[in-house]
Amino acid sequence: FQNISTSMINFLHTHIPNPLLVNIGGVTIHWYGFLIVLGFLCGLIVALRLAKKYGLDPKVLYDLSFYGLIFGLIGDRTYYVIYAWEYYRENPLDIVKIWEGGLAIHGGITAGLIVFLVYAKKSKTLNDWLAAIQEKKIALPANKKRHWFLYFFFLIDLAVVILLSGLAFGRWGNYFNQELFGKPTELAWGIPIEPRFRPDEYKTATYFHPTFLYESVADLVLVATLVFLHTRRLKKNLAGKFSAYYFGNIALFGLGGYSIIRFFNEFLRIDYSPTVFNLRVAQPVSLVLLLVVITVFFLKKRFFQQHGVQKK
């Protein structure tokens with residue numbers, strides 16, 4: 001393991017990446033897009049295995065992944081364009097060039113949650129899922145009009161695994177694009193950045209913090225933790241010790257964890273960003289998301305208690 005780590009550090013410290021993965025017959029594939037799709041697919045495979053153990057029809061995740069990916073990318077890009085409007089106002093044709101980078105995850109999270117809310121409330125699969133839940137003798141809220149909330153929370157518990165897996169892999173796309181790197185550093189794992197990508201105030205620096213690596217590693221640890229929580233939940237379910245009271249907690253933990261990771265990682269980044277109270281805009285947005293997560297946790301807890309759904 002030590003040899004692998006050393007080799008990786010030496011590689012990062014000396015290699016200048018090429019953003020193009022392959023160009024065949026005029027068809028160009030960028031590392032950025034390839035890695036996002038790869039991460040998404042890896043997360044989907046894990047989520048499908050979990051869904052099978054829960055007894056959820058895989059078609060549900062396929063449908064949600066399709067719509068979530070499309071509207072999530074639209075949300076990502078829309079948020080980023082607003083975020084960097086000073087540039088896109090002068091270069092409107094660049095708005096569609098997502099292969100060059102420029103996706104802001106908070107926009108994607110917002111769009112994705114809306115997709116899942118609509119699906120949970122309108123999908124015909126709700127009744128099938130409720131029937132499966134009742135077979136497992138899991139208590140449901142007495143108010144049937146609110147059962148779709150439960151379905152929503154269950155689905156985002158699975159979706160957060162896909163989301164964070166996509167982020168963990170996708171951050172490496174920033175490496176290949178030589179973007180979103182951090183402050184200059186003399187650390188052994190500092191990455192070289194070509195002069196044309198360096199901010200003016202850092203033109204004389206050579207090595208920079210690989211903030212993509214920091215976030216990627218943290219996201220992978222978070223994904224592993226979420227899978228562990230799902231596994232523990234499934235064991236409790238088999239033992240008859242699980243309650244619907246806990247649906248949504250895994251998603252809230254994942255979103256809250258990501259907010260904390262993003263907040264602290266932003267202190268190192270030097271790419272363009274508007275500021276709010278001397279913080280990069282992603283930091284107060286992350287804090288707002290964390291506050292929303294905490295608020296939803298307690299509101300959900302209160303809702304279930306009021307409707308007779310208790311812990312086991």
# chains A, B, ... in the order shown; residues from 1 in each chain; ligands from 1

$ closest_atom_pairs --of "region 193-289 of chain A" --to "region 93-107 of chain A" --cutoff "9 Å" --atoms "only C-alpha atoms" --output "JSON lines"
{"residue": "A:Ala282", "atom": "CA", "partner": "A:His106", "partner_atom": "CA", "distance": 8.3}
{"residue": "A:Val285", "atom": "CA", "partner": "A:His106", "partner_atom": "CA", "distance": 7.8}
{"residue": "A:Ser286", "atom": "CA", "partner": "A:His106", "partner_atom": "CA", "distance": 8.1}
{"residue": "A:Leu289", "atom": "CA", "partner": "A:His106", "partner_atom": "CA", "distance": 8.7}

$ atom_distance --atom1 "CA of Asn18 (chain A)" --atom2 "CA of Leu41 (chain A)"
23.1 Å

$ residues_around --residues "Leu21 (chain A)" --least-positions-apart "2" --cutoff "9 Å" --atoms "only C-alpha atoms" --output "list in words"
Asn18, Pro19, Asn23, Thr28, Ile29, His30, Trp31, Tyr32 and Phe34 of chain A

$ residues_around --residues "Leu150 (chain A)" --least-positions-apart "4" --cutoff "8 Å" --atoms "only C-alpha atoms" --output "JSON list (two decimals) with N, CA, C and O atoms, in the first residue's frame"
[["chain", "number", "residue", "atom", "x", "y", "z"],
["A", 146, "ARG", "N", -50.00, 10.83, 3.48],
["A", 146, "ARG", "CA", -48.60, 11.22, 3.73],
["A", 146, "ARG", "C", -47.64, 10.06, 3.47],
["A", 146, "ARG", "O", -46.45, 10.18, 3.71],
["A", 154, "PHE", "N", -37.25, 7.11, 1.56],
["A", 154, "PHE", "CA", -36.61, 5.83, 1.25],
["A", 154, "PHE", "C", -35.79, 5.93, -0.04],
["A", 154, "PHE", "O", -34.66, 5.43, -0.11],
["A", 244, "ALA", "N", -39.99, 2.43, 10.02],
["A", 244, "ALA", "CA", -40.00, 3.46, 8.98],
["A", 244, "ALA", "C", -39.53, 4.80, 9.54],
["A", 244, "ALA", "O", -39.20, 5.72, 8.78],
["A", 247, "PHE", "N", -36.33, 6.03, 7.87],
["A", 247, "PHE", "CA", -36.19, 6.35, 6.46],
["A", 247, "PHE", "C", -35.82, 7.82, 6.29],
["A", 247, "PHE", "O", -36.42, 8.71, 6.89]]

$ closest_residue --among "A:Leu299, A:Leu279, A:Ala159, A:Ala188" --to "Ser5 (chain A)" --atoms "only C-alpha atoms"
A:Ala188

$ residues_around --residues "region 167-181 of chain A" --least-positions-apart "2" --cutoff "6 Å" --atoms "only C-alpha atoms" --output "mmCIF file with N, CA and C atoms, in the first residue's frame"
data_model
loop_
_atom_site.group_PDB
_atom_site.id
_atom_site.type_symbol
_atom_site.label_atom_id
_atom_site.label_comp_id
_atom_site.auth_asym_id
_atom_site.auth_seq_id
_atom_site.Cartn_x
_atom_site.Cartn_y
_atom_site.Cartn_z
ATOM 1 N N PRO A 17 -1.744 16.559 -16.935
ATOM 2 C CA PRO A 17 -2.794 15.750 -17.562
ATOM 3 C C PRO A 17 -3.313 16.336 -18.867
ATOM 4 N N ASN A 18 -3.868 15.457 -19.674
ATOM 5 C CA ASN A 18 -4.528 15.838 -20.924
ATOM 6 C C ASN A 18 -6.032 15.695 -20.714
ATOM 7 N N PRO A 19 -6.827 16.739 -20.951
ATOM 8 C CA PRO A 19 -8.274 16.646 -20.702
ATOM 9 C C PRO A 19 -9.000 15.687 -21.635
ATOM 10 N N TRP A 31 -12.118 13.374 -20.356
ATOM 11 C CA TRP A 31 -12.029 12.703 -19.068
ATOM 12 C C TRP A 31 -13.130 13.180 -18.122
ATOM 13 N N TYR A 32 -13.429 14.467 -18.163
ATOM 14 C CA TYR A 32 -14.408 15.061 -17.246
ATOM 15 C C TYR A 32 -15.754 14.351 -17.345
ATOM 16 N N LEU A 35 -15.570 10.450 -16.452
ATOM 17 C CA LEU A 35 -15.463 10.132 -15.034
ATOM 18 C C LEU A 35 -16.770 10.370 -14.290
ATOM 19 N N ILE A 36 -17.505 11.394 -14.683
ATOM 20 C CA ILE A 36 -18.810 11.632 -14.062
ATOM 21 C C ILE A 36 -19.741 10.457 -14.340
ATOM 22 N N GLY A 39 -18.573 7.330 -12.388
ATOM 23 C CA GLY A 39 -18.939 7.409 -10.976
ATOM 24 C C GLY A 39 -20.425 7.180 -10.765
ATOM 25 N N LEU A 164 -23.073 10.753 -4.387
ATOM 26 C CA LEU A 164 -21.731 10.935 -3.831
ATOM 27 C C LEU A 164 -20.686 10.106 -4.564
ATOM 28 N N SER A 165 -21.097 8.975 -5.124
ATOM 29 C CA SER A 165 -20.181 8.201 -5.959
ATOM 30 C C SER A 165 -19.830 8.994 -7.217
ATOM 31 N N PRO A 210 -4.045 19.700 -4.441
ATOM 32 C CA PRO A 210 -5.009 18.952 -5.265
ATOM 33 C C PRO A 210 -6.344 18.838 -4.528
ATOM 34 N N THR A 211 -7.095 19.924 -4.494
ATOM 35 C CA THR A 211 -8.347 19.934 -3.741
ATOM 36 C C THR A 211 -9.330 18.897 -4.279
ATOM 37 N N PHE A 212 -9.206 18.581 -5.560
ATOM 38 C CA PHE A 212 -10.058 17.525 -6.128
ATOM 39 C C PHE A 212 -9.807 16.204 -5.402
ATOM 40 N N SER A 216 -12.412 14.058 -3.239
ATOM 41 C CA SER A 216 -12.705 12.724 -3.764
ATOM 42 C C SER A 216 -12.528 11.660 -2.686
ATOM 43 N N ASP A 219 -15.269 11.984 -0.105
ATOM 44 C CA ASP A 219 -16.547 11.497 -0.642
ATOM 45 C C ASP A 219 -16.594 9.975 -0.666
ATOM 46 N N LEU A 220 -15.469 9.352 -1.020
ATOM 47 C CA LEU A 220 -15.425 7.888 -1.044
ATOM 48 C C LEU A 220 -15.611 7.305 0.356
ATOM 49 N N ARG A 269 -9.437 26.431 -2.043
ATOM 50 C CA ARG A 269 -9.613 26.685 -3.468
ATOM 51 C C ARG A 269 -9.386 28.155 -3.813
ATOM 52 N N ASP A 271 -10.048 29.215 -7.315
ATOM 53 C CA ASP A 271 -10.748 29.547 -8.544
ATOM 54 C C ASP A 271 -11.740 30.676 -8.282
#

$ select_by_dssp --residues "region 209-263 of chain A" --states "helix (DSSP H, G or I)" --output "number ranges by chain"
A: 211-238, 244-246, 249-263

$ atom_distance --atom1 "CA of Lys121 (chain A)" --atom2 "CA of Tyr151 (chain A)"
8.3 Å

$ closest_residue --among "A:Val281, A:Val292, A:Ile260, A:Ala47" --to "Tyr80 (chain A)" --atoms "only C-alpha atoms"
A:Val281

$ decode --residues "region 22-38 of chain A" --atoms "all heavy atoms" --output "compact mmCIF listing (two decimals), in the first residue's frame"
# COMPACT_ATOMS: atom_id res chain seq x y z
N VAL A 22 -10.02 10.32 -25.44
CA VAL A 22 -9.86 9.68 -26.73
C VAL A 22 -10.54 10.51 -27.82
O VAL A 22 -11.51 11.23 -27.56
CB VAL A 22 -10.45 8.24 -26.71
CG1 VAL A 22 -11.97 8.28 -26.53
CG2 VAL A 22 -10.10 7.47 -27.96
N ASN A 23 -10.00 10.44 -29.01
CA ASN A 23 -10.59 11.12 -30.16
C ASN A 23 -10.57 10.14 -31.33
O ASN A 23 -9.52 9.89 -31.92
CB ASN A 23 -9.81 12.39 -30.50
CG ASN A 23 -10.52 13.23 -31.55
OD1 ASN A 23 -11.39 12.74 -32.28
ND2 ASN A 23 -10.15 14.50 -31.65
N ILE A 24 -11.73 9.58 -31.63
CA ILE A 24 -11.82 8.56 -32.68
C ILE A 24 -12.84 9.00 -33.73
O ILE A 24 -14.02 9.21 -33.41
CB ILE A 24 -12.24 7.19 -32.11
CG1 ILE A 24 -11.24 6.73 -31.03
CG2 ILE A 24 -12.34 6.15 -33.21
CD1 ILE A 24 -11.63 5.45 -30.35
N GLY A 25 -12.38 9.13 -34.96
CA GLY A 25 -13.29 9.47 -36.05
C GLY A 25 -14.05 10.76 -35.82
O GLY A 25 -15.22 10.87 -36.20
N GLY A 26 -13.40 11.72 -35.22
CA GLY A 26 -14.05 13.00 -34.97
C GLY A 26 -14.90 13.03 -33.71
O GLY A 26 -15.44 14.07 -33.34
N VAL A 27 -15.01 11.88 -33.04
CA VAL A 27 -15.76 11.82 -31.78
C VAL A 27 -14.79 11.98 -30.63
O VAL A 27 -13.88 11.15 -30.45
CB VAL A 27 -16.53 10.49 -31.64
CG1 VAL A 27 -17.24 10.43 -30.30
CG2 VAL A 27 -17.53 10.33 -32.78
N THR A 28 -14.95 13.03 -29.86
CA THR A 28 -14.04 13.33 -28.76
C THR A 28 -14.70 13.03 -27.42
O THR A 28 -15.83 13.45 -27.17
CB THR A 28 -13.63 14.82 -28.79
OG1 THR A 28 -12.99 15.10 -30.05
CG2 THR A 28 -12.67 15.14 -27.66
N ILE A 29 -14.00 12.30 -26.59
CA ILE A 29 -14.49 12.01 -25.24
C ILE A 29 -13.51 12.63 -24.25
O ILE A 29 -12.31 12.37 -24.29
CB ILE A 29 -14.59 10.49 -24.99
CG1 ILE A 29 -15.58 9.86 -25.99
CG2 ILE A 29 -15.04 10.21 -23.56
CD1 ILE A 29 -15.68 8.36 -25.87
N HIS A 30 -14.05 13.48 -23.36
CA HIS A 30 -13.23 14.13 -22.35
C HIS A 30 -13.23 13.32 -21.06
O HIS A 30 -14.22 12.67 -20.72
CB HIS A 30 -13.76 15.54 -22.06
CG HIS A 30 -13.54 16.52 -23.17
ND1 HIS A 30 -14.23 16.46 -24.35
CD2 HIS A 30 -12.69 17.58 -23.28
CE1 HIS A 30 -13.84 17.45 -25.14
NE2 HIS A 30 -12.90 18.13 -24.52
N TRP A 31 -12.12 13.37 -20.36
CA TRP A 31 -12.03 12.70 -19.07
C TRP A 31 -13.13 13.18 -18.12
O TRP A 31 -13.69 12.39 -17.36
CB TRP A 31 -10.67 12.98 -18.42
CG TRP A 31 -9.57 12.08 -18.88
CD1 TRP A 31 -8.53 12.40 -19.71
CD2 TRP A 31 -9.38 10.71 -18.51
NE1 TRP A 31 -7.71 11.32 -19.90
CE2 TRP A 31 -8.20 10.26 -19.17
CE3 TRP A 31 -10.07 9.81 -17.70
CZ2 TRP A 31 -7.72 8.96 -19.03
CZ3 TRP A 31 -9.59 8.52 -17.57
CH2 TRP A 31 -8.44 8.11 -18.22
N TYR A 32 -13.43 14.47 -18.16
CA TYR A 32 -14.41 15.06 -17.25
C TYR A 32 -15.75 14.35 -17.34
O TYR A 32 -16.30 13.86 -16.36
CB TYR A 32 -14.56 16.55 -17.56
CG TYR A 32 -15.43 17.31 -16.60
CD1 TYR A 32 -14.93 17.72 -15.37
CD2 TYR A 32 -16.74 17.64 -16.91
CE1 TYR A 32 -15.72 18.43 -14.47
CE2 TYR A 32 -17.54 18.34 -16.03
CZ TYR A 32 -17.02 18.74 -14.82
OH TYR A 32 -17.81 19.43 -13.94
N GLY A 33 -16.28 14.27 -18.56
CA GLY A 33 -17.57 13.62 -18.76
C GLY A 33 -17.52 12.13 -18.49
O GLY A 33 -18.43 11.55 -17.89
N PHE A 34 -16.43 11.50 -18.94
CA PHE A 34 -16.28 10.05 -18.74
C PHE A 34 -16.28 9.69 -17.26
O PHE A 34 -16.94 8.72 -16.85
CB PHE A 34 -14.98 9.59 -19.40
CG PHE A 34 -14.60 8.17 -19.07
CD1 PHE A 34 -15.24 7.10 -19.68
CD2 PHE A 34 -13.60 7.91 -18.13
CE1 PHE A 34 -14.90 5.78 -19.36
CE2 PHE A 34 -13.26 6.60 -17.82
CZ PHE A 34 -13.91 5.54 -18.44
N LEU A 35 -15.57 10.45 -16.45
CA LEU A 35 -15.46 10.13 -15.03
C LEU A 35 -16.77 10.37 -14.29
O LEU A 35 -17.12 9.62 -13.37
CB LEU A 35 -14.33 10.95 -14.40
CG LEU A 35 -12.92 10.49 -14.81
CD1 LEU A 35 -11.88 11.53 -14.43
CD2 LEU A 35 -12.59 9.15 -14.17
N ILE A 36 -17.51 11.39 -14.68
CA ILE A 36 -18.81 11.63 -14.06
C ILE A 36 -19.74 10.46 -14.34
O ILE A 36 -20.41 9.94 -13.44
CB ILE A 36 -19.43 12.95 -14.57
CG1 ILE A 36 -18.66 14.14 -14.00
CG2 ILE A 36 -20.91 13.04 -14.18
CD1 ILE A 36 -19.15 15.48 -14.51
N VAL A 37 -19.77 10.02 -15.60
CA VAL A 37 -20.64 8.90 -15.97
C VAL A 37 -20.18 7.62 -15.26
O VAL A 37 -21.00 6.85 -14.77
CB VAL A 37 -20.63 8.70 -17.50
CG1 VAL A 37 -21.37 7.41 -17.88
CG2 VAL A 37 -21.28 9.89 -18.19
N LEU A 38 -18.86 7.41 -15.19
CA LEU A 38 -18.32 6.22 -14.53
C LEU A 38 -18.72 6.20 -13.06
O LEU A 38 -19.16 5.16 -12.52
CB LEU A 38 -16.80 6.18 -14.66
CG LEU A 38 -16.09 5.01 -13.98
CD1 LEU A 38 -16.54 3.68 -14.59
CD2 LEU A 38 -14.57 5.16 -14.09
